[in-house]
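For reference, the structure discussed in these notes is given below.
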Amino acid sequence: MQKLRYEKPFIQKMNAGLMNKFGTRTEYEPVKQIDGVSVKSMIEKYGSPVFVISEQTIRRTYQNSVKAFKTRYPKVQFAWSYKTNYINAVCNIFHQEGSWAEVVSGFEYMKALGNGVPGNKIIFNGPEKTNEEILLAIENDSLIHIDHFDELYQLMELCDQTSKKPRVAIRVNMDTGIYPIWDRFGFNYENGSAWNALTKIAASGKMTLTGLHCHIGTYMLSSNAYAIAVNKLSDLAFNCKSQLNVTIQYLDLGGGFPSANTLRGAYLPASDTNPTIDDFAEAITSAVLNAGFKTDELPLLILETGRALIDDAGYLLGSVLANKRLSDGRRATIMDFGVNILFTSFWYEHKISPAQDFTHHTEDTVLYGPLCMNIDVVRETINLPLLNRGDQVVVHRVGAYNMTQWMQFIQMRPNVVLIDGNGQTHLIREKEDIKYIEQLEKMPTHLSTINLK
Amino acid sequence: MNLKKNIATSEAGFIFNPSTGDSFSANPMAAEILMHIKQGISIEAIKKIVLEKYDVDASQLDRDWDDFTIQLKEGNLLEN
Amino acid sequence: MDSTKPLVIAVTGLNAIDSPGPGVAVIRALRDGFGSNIRIIGLSYETLEPGIYLHDVVDKTYQIPYPSAGIDALSSRLQYIHAKENLQLLIPNFDAELYNFIKLGPTLKNMGISTFLPTMEQFEARDKINLYQFGQKHGLSVPEDRAIYSVHDLYTCAEKLGYPLVVKGKFYDAIVAYTMEQAQKAFHKLSAKWGFPIIVQQFISGTEINVAVLGDGNGNAISIIPMRKLYITDKGKAWAGITLEDDTLIELAKTFVAATKWKGGCELEIMRTATGQPFIMEINPRFPAWIYLTAASGQNQPAALAKMALGETLEPFTTYTSGKIFIRYAWDHITDISEFQQISGLGEL
């Protein structure tokens, strides 16, 4: 006789304030495959947990975003924000699509060069650039974005050591109605620092002032703020033209577009409320078009969006290690991934789907990671079907920042796998082993032996 | 394991504890087990029935049984 | 329309508790306006909303997912309910759910369910955070305010706005502060509870007046009823109130509707200063809980809204009775555990 499907016995107290479950079942469709490749087979082959990246999704998202801007404005260039995800295979998908590189350290700069990005298509941002790095960037004709006056003077001094004239831009911070203002980066617009920096650059005669850059915030939920930013940058550009006789070649609006992840504490799901890439494109391009540039002097529009281009393409597959009941009666489920590799769980309420069939009963659950550390909480509360040890789950939208901000803490970092456009899987970053972790350690001779008997 | 005597259970899986005023909803598996408990069937016999009828192994059922017992205790539904 | 078939209207906000939702009052006005040929479907979030158990008010209730579950969840639940009940009109009554219902409007229309709601632009423009700019734009008096993120910004606020300051949370709560110390305390308390920004508003003293307004979406105010609270609960909610006759208030509401082309019901919270100047303190984008008073004084706003939603064009009401008083009272309704189990276990009653 065919046995009936089993489900853990479970009772739930009926509270007046309890989140009611009626109509919410759609959230819990099982996700058994990604781009046609089964979750089970990937975990079998690459272990659990494992990051999975969909090449198809990256390309589709990128093409849609470029389209959103190019159909509205003639000169658009994207630059891949390395810090968002700098696994070389991922970077190269973007570079194949035509994206330049946007880096914020010498380390990232070397990665971009190593990937074959021509020096003059690398934008070098960030507050820390050593003399060696700046000289290299000058040599390669990269776009150097100056962050502060000390760097401006550093650059002027370095110009004397080389015959080349660096192409530079300044980063500008400003009040766009979004608070807190990111005034720790770049030169302030309102208090005149930005204009002061521009006049110093022009007066030095040692650099070619090519662009203006800003990056007004992160996870921006208002497209209008970008229009304000465009107006203020344009104002500087017109002043450069009229008072310094410099034509600004490009406006770099930075990044900061959100993905569809829901921020912790947000009331409504982000997929319902966040502006779309079209909203941002509309706000930015119409502001540039209406700013008053002559048609033949329209600046190139550069975008350094990272998160919105990669978040959706990344998945984390994992497995249930254990279930337990906490002292207050709540259910707790321990997963084999935690905040060590899913850093974004500090600020997102990640969507998590079971990877196998289940019945419709759900229970409020705390989702813990495997670390022996109290901070290791993936979701404070999530309404999940009843999962057993060994059951698999898919965490959605993890492509941004996790594979750069992850920590080698207690556990080692897992495999990262790419699914190509034909449904083939490729290992693009191997999981760490103890040899890899310890290779940089040195043992003083007097500590090399121990005797515990 | 005995349920408190005055606990009311319904076929739809509703449980009402008249001495505390608490109500609970049970999933079908829990409702079936509660029905057996109310009929005075022993734990071992209930487990056997479940193992024969449902697709579950004994070790999983043991773990879930312990968890279920905690839930019932938490809900103040068991005789001490 | 088949005259024998009842008009089916879904209504939310059945929580007629100490800080009441408007649903039960809306239903009472609809029943006054349409007589017996009407079927009311209650939509509830929690299992102890009194309206669920008042069977002469609500014919049948369904639980719907909380707004935080998102639009898709709400949409699929409404499809289920619509398949059973064939809804013709839906009147949402909570601030927190309106975002979803406004977004869902076109989908509902395709399903054959009418709504009569403000546009997303109207809804967002009157948000607490945007209200001052909104007032500036439309020439309406709104107390000056600032959205701040740092406790240091309180000094600028105090300088510009003067004491006392009204320190407000992003969604709810307001504390009047007479000193910097009190303002800082309020800032920390409210930011811990509601997050950022904190809104600091100029204090306006005067008489509090609420106005229930119904706009037709073309700039016409179909109905305007001003009410002064006679007695309030410790949560500041009206316990008793009286309709007023006051042309400046009517004009203010007309200006508001003409400027915004407001569509649907709303409540203007007004402070009238000693010199008689009315300031708009807040705009609630839905009917207030005291909406039945509009029906009692001669302008049945829920019934008028229902008619417009179903395609009728209405002329603005011209008269109402001033001096009508409502006095809210509490009543212990009795039900059985089986009803509670039914709504919480099966989601329908």
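Residue numbering restarts at 1 for every chain of the structure tokens, chains are lettered A, B, ... in their displayed order, and ligands are numbered from 1 as they appear.
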
From a backbone DSSP assignment, name each residue in segment 79-309 of chain C labelled helix (DSSP H, G or I), as a short mmCIF file (atom, residue, chain, number, x, y, z; two decimals) with N, CA and C atoms, in the first residue's frame.
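Result written to out.cif:
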```
data_model
loop_
_atom_site.label_atom_id
_atom_site.label_comp_id
_atom_site.auth_asym_id
_atom_site.auth_seq_id
_atom_site.Cartn_x
_atom_site.Cartn_y
_atom_site.Cartn_z
N GLN C 79 -8.85 37.21 -5.17
CA GLN C 79 -9.40 36.40 -6.26
C GLN C 79 -10.25 35.26 -5.71
N TYR C 80 -9.74 34.65 -4.64
CA TYR C 80 -10.48 33.56 -3.99
C TYR C 80 -11.82 34.07 -3.47
N ILE C 81 -11.78 35.23 -2.80
CA ILE C 81 -13.01 35.79 -2.22
C ILE C 81 -13.97 36.21 -3.32
N HIS C 82 -13.42 36.82 -4.37
CA HIS C 82 -14.25 37.30 -5.47
C HIS C 82 -14.97 36.13 -6.16
N ALA C 83 -14.27 35.00 -6.30
CA ALA C 83 -14.87 33.83 -6.94
C ALA C 83 -16.08 33.36 -6.14
N LYS C 84 -16.04 33.54 -4.84
CA LYS C 84 -17.17 33.09 -4.01
C LYS C 84 -18.27 34.14 -3.90
N GLU C 85 -17.88 35.40 -3.89
CA GLU C 85 -18.84 36.44 -3.51
C GLU C 85 -19.22 37.39 -4.65
N ASP C 95 -4.95 53.25 6.71
CA ASP C 95 -3.82 53.92 6.06
C ASP C 95 -2.81 52.90 5.52
N ALA C 96 -2.50 51.91 6.38
CA ALA C 96 -1.38 51.02 6.06
C ALA C 96 -1.68 50.09 4.88
N GLU C 97 -2.93 49.88 4.55
CA GLU C 97 -3.25 48.97 3.46
C GLU C 97 -3.45 49.69 2.14
N LEU C 98 -3.55 51.04 2.20
CA LEU C 98 -3.95 51.78 1.00
C LEU C 98 -2.94 51.67 -0.13
N TYR C 99 -1.65 51.67 0.24
CA TYR C 99 -0.62 51.56 -0.78
C TYR C 99 -0.91 50.36 -1.69
N ASN C 100 -1.15 49.21 -1.05
CA ASN C 100 -1.40 47.99 -1.82
C ASN C 100 -2.69 48.08 -2.63
N PHE C 101 -3.75 48.62 -2.03
CA PHE C 101 -5.02 48.66 -2.75
C PHE C 101 -4.97 49.64 -3.92
N ILE C 102 -4.24 50.75 -3.74
CA ILE C 102 -4.12 51.69 -4.86
C ILE C 102 -3.37 51.03 -6.02
N LYS C 103 -2.26 50.34 -5.67
CA LYS C 103 -1.49 49.67 -6.72
C LYS C 103 -2.31 48.57 -7.40
N LEU C 104 -3.18 47.95 -6.61
CA LEU C 104 -3.96 46.82 -7.13
C LEU C 104 -5.20 47.29 -7.90
N GLY C 105 -5.47 48.59 -7.86
CA GLY C 105 -6.69 49.13 -8.47
C GLY C 105 -6.99 48.61 -9.88
N PRO C 106 -6.02 48.72 -10.82
CA PRO C 106 -6.28 48.26 -12.19
C PRO C 106 -6.59 46.76 -12.25
N THR C 107 -5.89 45.96 -11.44
CA THR C 107 -6.15 44.52 -11.41
C THR C 107 -7.57 44.25 -10.94
N LEU C 108 -7.97 44.97 -9.88
CA LEU C 108 -9.32 44.78 -9.35
C LEU C 108 -10.36 45.16 -10.40
N LYS C 109 -10.07 46.24 -11.10
CA LYS C 109 -11.01 46.69 -12.12
C LYS C 109 -11.20 45.62 -13.19
N ASN C 110 -10.07 44.99 -13.60
CA ASN C 110 -10.16 43.90 -14.57
C ASN C 110 -10.99 42.74 -14.05
N MET C 111 -10.93 42.54 -12.75
CA MET C 111 -11.72 41.45 -12.16
C MET C 111 -13.19 41.83 -12.04
N MET C 120 -1.76 57.31 -6.59
CA MET C 120 -0.54 57.13 -5.80
C MET C 120 0.13 58.49 -5.54
N GLU C 121 0.08 59.40 -6.53
CA GLU C 121 0.69 60.73 -6.34
C GLU C 121 -0.02 61.48 -5.22
N GLN C 122 -1.36 61.44 -5.25
CA GLN C 122 -2.13 62.12 -4.21
C GLN C 122 -1.84 61.51 -2.85
N PHE C 123 -1.78 60.17 -2.84
CA PHE C 123 -1.56 59.44 -1.59
C PHE C 123 -0.21 59.81 -1.00
N GLU C 124 0.82 59.89 -1.83
CA GLU C 124 2.15 60.15 -1.29
C GLU C 124 2.37 61.63 -0.97
N ALA C 125 1.73 62.49 -1.73
CA ALA C 125 1.94 63.93 -1.52
C ALA C 125 1.45 64.36 -0.14
N LEU C 131 4.11 66.72 3.75
CA LEU C 131 2.94 67.59 3.91
C LEU C 131 3.26 69.08 3.79
N TYR C 132 4.41 69.48 4.37
CA TYR C 132 4.73 70.91 4.35
C TYR C 132 4.91 71.41 2.91
N GLN C 133 5.68 70.63 2.12
CA GLN C 133 5.87 70.98 0.72
C GLN C 133 4.55 70.99 -0.03
N PHE C 134 3.71 70.02 0.32
CA PHE C 134 2.39 69.90 -0.29
C PHE C 134 1.59 71.18 -0.05
N GLY C 135 1.62 71.65 1.21
CA GLY C 135 0.91 72.88 1.56
C GLY C 135 1.47 74.08 0.82
N GLN C 136 2.80 74.18 0.76
CA GLN C 136 3.46 75.28 0.05
C GLN C 136 3.00 75.33 -1.40
N LYS C 137 2.97 74.13 -2.00
CA LYS C 137 2.65 74.03 -3.42
C LYS C 137 1.22 74.49 -3.71
N HIS C 138 0.30 74.15 -2.80
CA HIS C 138 -1.11 74.42 -3.09
C HIS C 138 -1.65 75.61 -2.33
N ASP C 153 20.43 68.04 14.89
CA ASP C 153 19.60 68.90 14.05
C ASP C 153 18.47 69.56 14.85
N LEU C 154 18.24 69.07 16.06
CA LEU C 154 17.19 69.67 16.88
C LEU C 154 17.50 71.14 17.19
N TYR C 155 18.79 71.47 17.29
CA TYR C 155 19.16 72.86 17.60
C TYR C 155 18.70 73.80 16.49
N THR C 156 18.95 73.38 15.23
CA THR C 156 18.50 74.19 14.10
C THR C 156 16.98 74.31 14.11
N CYS C 157 16.31 73.19 14.40
CA CYS C 157 14.85 73.21 14.42
C CYS C 157 14.35 74.20 15.46
N ALA C 158 14.96 74.15 16.65
CA ALA C 158 14.52 75.02 17.73
C ALA C 158 14.72 76.48 17.34
N GLU C 159 15.84 76.74 16.66
CA GLU C 159 16.15 78.09 16.23
C GLU C 159 15.13 78.59 15.21
N LYS C 160 14.81 77.74 14.25
CA LYS C 160 13.95 78.16 13.14
C LYS C 160 12.47 78.12 13.52
N LEU C 161 12.08 77.09 14.27
CA LEU C 161 10.65 76.90 14.51
C LEU C 161 10.20 77.45 15.86
N MET C 180 14.98 71.85 25.08
CA MET C 180 15.86 71.00 24.27
C MET C 180 15.96 69.60 24.87
N GLU C 181 16.01 69.57 26.21
CA GLU C 181 16.11 68.27 26.86
C GLU C 181 14.91 67.38 26.53
N GLN C 182 13.73 67.97 26.60
CA GLN C 182 12.52 67.20 26.29
C GLN C 182 12.52 66.78 24.81
N ALA C 183 12.99 67.69 23.96
CA ALA C 183 13.00 67.37 22.53
C ALA C 183 13.95 66.21 22.24
N GLN C 184 15.11 66.23 22.93
CA GLN C 184 16.07 65.14 22.71
C GLN C 184 15.52 63.81 23.20
N LYS C 185 14.86 63.88 24.35
CA LYS C 185 14.27 62.66 24.91
C LYS C 185 13.22 62.10 23.93
N ALA C 186 12.39 63.00 23.40
CA ALA C 186 11.36 62.59 22.46
C ALA C 186 11.99 62.02 21.20
N PHE C 187 13.07 62.67 20.74
CA PHE C 187 13.77 62.21 19.53
C PHE C 187 14.22 60.76 19.71
N HIS C 188 14.86 60.49 20.85
CA HIS C 188 15.38 59.14 21.06
C HIS C 188 14.25 58.13 21.21
N LYS C 189 13.22 58.53 21.91
CA LYS C 189 12.11 57.61 22.14
C LYS C 189 11.43 57.26 20.81
N LEU C 190 11.15 58.28 20.00
CA LEU C 190 10.40 58.04 18.77
C LEU C 190 11.26 57.37 17.70
N SER C 191 12.56 57.69 17.67
CA SER C 191 13.39 57.05 16.65
C SER C 191 13.60 55.58 16.99
N ALA C 192 13.64 55.26 18.29
CA ALA C 192 13.78 53.86 18.67
C ALA C 192 12.55 53.08 18.24
N LYS C 193 11.40 53.73 18.31
CA LYS C 193 10.16 53.02 18.01
C LYS C 193 9.85 52.99 16.52
N TRP C 194 10.01 54.10 15.84
CA TRP C 194 9.54 54.18 14.45
C TRP C 194 10.66 54.37 13.43
N ASP C 247 -17.92 78.62 7.16
CA ASP C 247 -17.58 78.78 5.75
C ASP C 247 -16.08 78.71 5.48
N THR C 248 -15.25 79.19 6.42
CA THR C 248 -13.81 79.14 6.14
C THR C 248 -13.33 77.69 6.03
N LEU C 249 -13.91 76.82 6.86
CA LEU C 249 -13.52 75.41 6.80
C LEU C 249 -13.97 74.78 5.50
N ILE C 250 -15.18 75.11 5.08
CA ILE C 250 -15.72 74.58 3.82
C ILE C 250 -14.85 75.05 2.65
N GLU C 251 -14.49 76.33 2.69
CA GLU C 251 -13.66 76.88 1.61
C GLU C 251 -12.29 76.20 1.57
N LEU C 252 -11.72 75.99 2.76
CA LEU C 252 -10.42 75.34 2.84
C LEU C 252 -10.48 73.95 2.20
N ALA C 253 -11.52 73.20 2.56
CA ALA C 253 -11.67 71.85 2.02
C ALA C 253 -11.87 71.89 0.51
N LYS C 254 -12.65 72.88 0.05
CA LYS C 254 -12.87 73.00 -1.40
C LYS C 254 -11.57 73.31 -2.12
N THR C 255 -10.77 74.22 -1.54
CA THR C 255 -9.48 74.56 -2.13
C THR C 255 -8.60 73.32 -2.22
N PHE C 256 -8.61 72.56 -1.13
CA PHE C 256 -7.79 71.34 -1.09
C PHE C 256 -8.20 70.38 -2.21
N VAL C 257 -9.50 70.15 -2.34
CA VAL C 257 -9.96 69.19 -3.34
C VAL C 257 -9.71 69.72 -4.75
N ALA C 258 -9.95 71.01 -4.95
CA ALA C 258 -9.73 71.58 -6.29
C ALA C 258 -8.26 71.50 -6.67
N ALA C 259 -7.38 71.78 -5.71
CA ALA C 259 -5.94 71.79 -6.01
C ALA C 259 -5.41 70.40 -6.28
N THR C 260 -5.92 69.42 -5.57
CA THR C 260 -5.35 68.07 -5.69
C THR C 260 -6.17 67.16 -6.58
N TYR C 292 -20.06 58.04 10.14
CA TYR C 292 -21.53 57.91 10.13
C TYR C 292 -22.20 59.25 10.43
N LEU C 293 -21.48 60.13 11.11
CA LEU C 293 -22.04 61.45 11.40
C LEU C 293 -22.38 62.21 10.10
N THR C 294 -21.64 61.93 9.01
CA THR C 294 -21.96 62.60 7.74
C THR C 294 -23.33 62.16 7.23
N ALA C 295 -23.62 60.86 7.42
CA ALA C 295 -24.93 60.36 7.00
C ALA C 295 -26.01 60.95 7.90
N ALA C 296 -25.72 61.02 9.20
CA ALA C 296 -26.71 61.50 10.16
C ALA C 296 -27.02 62.98 9.97
N GLN C 301 -21.63 60.20 3.01
CA GLN C 301 -20.42 60.12 2.18
C GLN C 301 -20.13 58.70 1.70
N PRO C 302 -20.20 57.66 2.54
CA PRO C 302 -19.93 56.31 2.02
C PRO C 302 -20.88 55.91 0.90
N ALA C 303 -22.17 56.23 1.05
CA ALA C 303 -23.12 55.87 0.00
C ALA C 303 -22.81 56.65 -1.28
N ALA C 304 -22.44 57.93 -1.14
CA ALA C 304 -22.11 58.73 -2.31
C ALA C 304 -20.86 58.18 -3.00
N LEU C 305 -19.89 57.78 -2.18
CA LEU C 305 -18.68 57.19 -2.76
C LEU C 305 -19.02 55.93 -3.53
N ALA C 306 -19.87 55.08 -2.95
CA ALA C 306 -20.25 53.83 -3.62
C ALA C 306 -20.92 54.13 -4.97
N LYS C 307 -21.79 55.12 -4.98
CA LYS C 307 -22.48 55.46 -6.23
C LYS C 307 -21.49 55.92 -7.29
N MET C 308 -20.56 56.79 -6.88
CA MET C 308 -19.58 57.28 -7.87
C MET C 308 -18.68 56.14 -8.35
N ALA C 309 -18.32 55.26 -7.42
CA ALA C 309 -17.46 54.14 -7.81
C ALA C 309 -18.16 53.27 -8.84
#
```

key: Contacts of segment 202-212 of chain C within 7 Å, only C-alpha atoms, excl. fewer than 3 positions in-chain, as a ChimeraX atom specification   = /C:143-145,161,164-166,224-229,266-274,287-288

Who sits within 12 Å of Ile382 of chain A, only C-alpha atoms, same chain under 3 positions skipped, as a VMD selection string:
(chain A and resid 19 27 to 28 330 to 333 349 to 353 362 to 368 377 to 379 385 to 386) or (chain C and resid 69)

Please, could you write that set of residues out with N, CA, C and O atoms as a short mmCIF file (atom, residue, chain, number, x, y, z; two decimals), in the first residue's frame?
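What follows is the written file selection-v2.cif:
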```
data_model
loop_
_atom_site.label_atom_id
_atom_site.label_comp_id
_atom_site.auth_asym_id
_atom_site.auth_seq_id
_atom_site.Cartn_x
_atom_site.Cartn_y
_atom_site.Cartn_z
N MET A 19 -0.02 36.72 12.96
CA MET A 19 0.03 36.92 11.51
C MET A 19 -0.87 35.86 10.88
O MET A 19 -0.64 34.67 11.05
N GLU A 27 3.84 32.76 -1.39
CA GLU A 27 5.23 33.03 -1.09
C GLU A 27 6.02 31.73 -0.99
O GLU A 27 7.23 31.72 -1.13
N TYR A 28 5.34 30.65 -0.76
CA TYR A 28 6.06 29.41 -0.47
C TYR A 28 5.95 28.38 -1.58
O TYR A 28 5.68 27.22 -1.32
N ARG A 330 9.03 29.05 20.64
CA ARG A 330 9.25 29.29 19.22
C ARG A 330 10.09 28.19 18.62
O ARG A 330 10.93 27.58 19.28
N ARG A 331 9.88 27.98 17.33
CA ARG A 331 10.67 26.99 16.63
C ARG A 331 11.95 27.66 16.11
O ARG A 331 11.94 28.79 15.65
N ALA A 332 13.06 26.95 16.20
CA ALA A 332 14.32 27.45 15.65
C ALA A 332 14.85 26.42 14.67
O ALA A 332 14.78 25.22 14.93
N THR A 333 15.33 26.88 13.53
CA THR A 333 15.93 25.99 12.55
C THR A 333 17.36 26.45 12.31
O THR A 333 17.60 27.65 12.13
N GLU A 349 15.71 41.25 4.87
CA GLU A 349 14.90 40.09 5.19
C GLU A 349 14.88 39.24 3.93
O GLU A 349 14.02 39.37 3.07
N HIS A 350 15.86 38.38 3.81
CA HIS A 350 16.01 37.61 2.59
C HIS A 350 14.83 36.68 2.37
O HIS A 350 14.34 36.06 3.31
N LYS A 351 14.42 36.59 1.12
CA LYS A 351 13.40 35.61 0.77
C LYS A 351 14.06 34.23 0.73
O LYS A 351 15.11 34.06 0.11
N ILE A 352 13.45 33.27 1.39
CA ILE A 352 14.02 31.93 1.46
C ILE A 352 12.93 30.92 1.07
O ILE A 352 11.84 30.95 1.63
N SER A 353 13.22 30.09 0.10
CA SER A 353 12.24 29.10 -0.36
C SER A 353 12.75 27.70 -0.09
O SER A 353 13.92 27.42 -0.31
N THR A 362 2.55 26.09 8.01
CA THR A 362 3.77 26.84 8.24
C THR A 362 3.87 27.19 9.71
O THR A 362 2.88 27.14 10.44
N GLU A 363 5.07 27.49 10.14
CA GLU A 363 5.26 27.88 11.53
C GLU A 363 6.26 29.03 11.58
O GLU A 363 7.21 29.06 10.81
N ASP A 364 6.01 29.93 12.51
CA ASP A 364 6.95 31.02 12.72
C ASP A 364 8.26 30.46 13.24
O ASP A 364 8.28 29.73 14.23
N THR A 365 9.34 30.80 12.59
CA THR A 365 10.61 30.16 12.88
C THR A 365 11.72 31.21 12.98
O THR A 365 11.69 32.20 12.26
N VAL A 366 12.67 30.97 13.88
CA VAL A 366 13.90 31.76 13.87
C VAL A 366 14.89 30.96 13.05
O VAL A 366 15.02 29.75 13.24
N LEU A 367 15.58 31.63 12.14
CA LEU A 367 16.54 30.91 11.31
C LEU A 367 17.95 31.27 11.75
O LEU A 367 18.37 32.41 11.63
N TYR A 368 18.67 30.27 12.30
CA TYR A 368 20.03 30.50 12.75
C TYR A 368 21.03 29.94 11.76
O TYR A 368 20.75 28.99 11.04
N VAL A 377 22.24 35.11 13.18
CA VAL A 377 20.81 34.97 12.93
C VAL A 377 20.54 35.37 11.49
O VAL A 377 20.82 36.51 11.10
N VAL A 378 19.99 34.46 10.69
CA VAL A 378 19.72 34.75 9.29
C VAL A 378 18.38 35.47 9.14
O VAL A 378 18.25 36.43 8.39
N ARG A 379 17.37 35.00 9.85
CA ARG A 379 16.08 35.70 9.90
C ARG A 379 15.56 35.63 11.33
O ARG A 379 15.44 34.55 11.90
N PRO A 385 7.43 26.57 5.98
CA PRO A 385 6.87 25.24 6.12
C PRO A 385 7.74 24.42 7.06
O PRO A 385 8.88 24.79 7.35
N LEU A 386 7.22 23.30 7.51
CA LEU A 386 7.96 22.49 8.48
C LEU A 386 9.08 21.75 7.75
O LEU A 386 8.84 20.90 6.90
N ALA C 69 2.59 41.37 3.70
CA ALA C 69 2.77 40.17 2.89
C ALA C 69 2.88 40.49 1.41
O ALA C 69 3.26 39.65 0.61
#
```

Write out as a Markdown table a residue-level contact list of chain A versus chain B with cut-off 9 Å: for each qualifying residue the closest pair of atoms and the distance in Å to one decimal, counting only C-alpha atoms, rows sorted by chain and residue number upward.
```
| residue | atom | partner | partner_atom | distance |
| --- | --- | --- | --- | --- |
| A:Met1 | CA | B:Lys53 | CA | 8.8 |
| A:Gln2 | CA | B:Asp55 | CA | 8.5 |
| A:Lys3 | CA | B:Tyr54 | CA | 4.9 |
| A:Leu4 | CA | B:Tyr54 | CA | 4.5 |
| A:Arg5 | CA | B:Asp55 | CA | 5.6 |
| A:Tyr6 | CA | B:Tyr54 | CA | 5.4 |
| A:Glu7 | CA | B:Met29 | CA | 6.4 |
| A:Lys8 | CA | B:Asp64 | CA | 6.0 |
| A:Pro9 | CA | B:Ala30 | CA | 4.1 |
| A:Phe10 | CA | B:Ala30 | CA | 5.5 |
| A:Ile11 | CA | B:Ala26 | CA | 4.2 |
| A:Gln12 | CA | B:Phe24 | CA | 5.2 |
| A:Lys13 | CA | B:Phe24 | CA | 4.2 |
| A:Met14 | CA | B:Phe24 | CA | 5.2 |
| A:Asn15 | CA | B:Ser23 | CA | 8.1 |
| A:Lys324 | CA | B:Asp67 | CA | 7.8 |
| A:Arg325 | CA | B:Asp67 | CA | 7.1 |
| A:Asp328 | CA | B:Glu74 | CA | 8.3 |
| A:Gly329 | CA | B:Glu74 | CA | 6.4 |
| A:His361 | CA | B:Asn27 | CA | 6.9 |
| A:Asn388 | CA | B:Gln60 | CA | 8.5 |
```

Restricting to only C-alpha atoms, whichever of A:Asp141, A:Asp296, A:Asp312, A:Asp272 is closest to chain C is A:Asp272

query = Which value, in Å to one decimal, gives the distance between atom CA of Ile283 of chain C and atom CA of Arg126 of chain C?
reply =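 Those two atoms sit 6.1 Å apart.
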
Using only C-alpha atoms, the residue out of A:Tyr179, A:Phe187, A:Tyr250, A:Phe280 with shortest distance to chain C is A:Tyr179

If you run DSSP on this backbone, which residues of segment 197-409 of chain A come out as strand (DSSP E), and could you give them as a ChimeraX atom specification?
/A:208-214,250-252,262-263,300-303,314-325,331-335,348-349,352-354,362-368,377-385,392-395

Residue neighbourhood Asn37 of chain C, 9 Å, only C-alpha atoms, exclusion window fewer than 3 positions, as an MDAnalysis selection string: chainID C and resid 3:7 31 34

Output N, CA, C and O atoms for every residue in the selection just made, as an mmCIF file, in the first residue's frame.
```cif
data_model
loop_
_atom_site.group_PDB
_atom_site.id
_atom_site.type_symbol
_atom_site.label_atom_id
_atom_site.label_comp_id
_atom_site.auth_asym_id
_atom_site.auth_seq_id
_atom_site.Cartn_x
_atom_site.Cartn_y
_atom_site.Cartn_z
ATOM 1 N N SER C 3 -32.119 44.224 -10.283
ATOM 2 C CA SER C 3 -32.534 44.876 -9.045
ATOM 3 C C SER C 3 -32.793 43.878 -7.913
ATOM 4 O O SER C 3 -32.846 44.249 -6.751
ATOM 5 N N THR C 4 -32.955 42.604 -8.261
ATOM 6 C CA THR C 4 -33.200 41.640 -7.184
ATOM 7 C C THR C 4 -31.900 41.171 -6.554
ATOM 8 O O THR C 4 -31.863 40.770 -5.405
ATOM 9 N N LYS C 5 -30.809 41.228 -7.346
ATOM 10 C CA LYS C 5 -29.530 40.799 -6.793
ATOM 11 C C LYS C 5 -28.952 41.890 -5.911
ATOM 12 O O LYS C 5 -28.916 43.051 -6.313
ATOM 13 N N PRO C 6 -28.481 41.538 -4.737
ATOM 14 C CA PRO C 6 -27.953 42.602 -3.879
ATOM 15 C C PRO C 6 -26.624 43.130 -4.384
ATOM 16 O O PRO C 6 -25.882 42.452 -5.082
ATOM 17 N N LEU C 7 -26.366 44.376 -4.039
ATOM 18 C CA LEU C 7 -25.083 45.011 -4.316
ATOM 19 C C LEU C 7 -24.067 44.444 -3.315
ATOM 20 O O LEU C 7 -24.303 44.465 -2.112
ATOM 21 N N ARG C 31 -25.590 50.849 4.614
ATOM 22 C CA ARG C 31 -26.896 50.217 4.819
ATOM 23 C C ARG C 31 -27.996 51.266 4.861
ATOM 24 O O ARG C 31 -29.096 51.058 4.348
ATOM 25 N N PHE C 34 -28.412 52.323 1.021
ATOM 26 C CA PHE C 34 -28.862 51.357 0.002
ATOM 27 C C PHE C 34 -29.985 50.454 0.476
ATOM 28 O O PHE C 34 -30.471 49.628 -0.283
#
```

Discussion item. If I take atom CA of Gly323 of chain C and atom CA of Ile291 of chain C, how far is one from the other in Å, to one decimal?
Written reply: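 It comes out at 15.3 Å.
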
Using only C-alpha atoms, the best pick from A:Pro166, A:Gly265, A:Gly211, A:Gly254 as closest to chain C would be A:Gly265

Across A:Tyr189, A:Phe107, A:Tyr86, A:Tyr267, the smallest distance to chain C, with only C-alpha atoms counted, is shown by A:Tyr267

(Q) Residues of chain C within 10 Å of chain B, counting only C-alpha atoms, what are they? List them as a PyMOL selection string. (A) chain C and resi 337-338+340-342+344-346

**Message:** Neighbouring residues of Gln39 of chain B were defined as those with any atom within 12 Å, considering only C-alpha atoms; residues of the same chain fewer than 4 positions away were excluded. Please report them as a list of chain:residue names.
**Reply:**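 So the residues in contact are B:Met1, B:Asn2, B:Leu3, B:Lys5, B:Thr9, B:Glu32, B:Ile33, B:Leu34, B:Met35, B:Ile43, B:Ala45, B:Ile46.
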
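Considering only C-alpha atoms, the residue among B:Asp62, B:Leu77, B:Ser19, B:Lys4 positioned nearest to Glu44 of chain B is B:Asp62.
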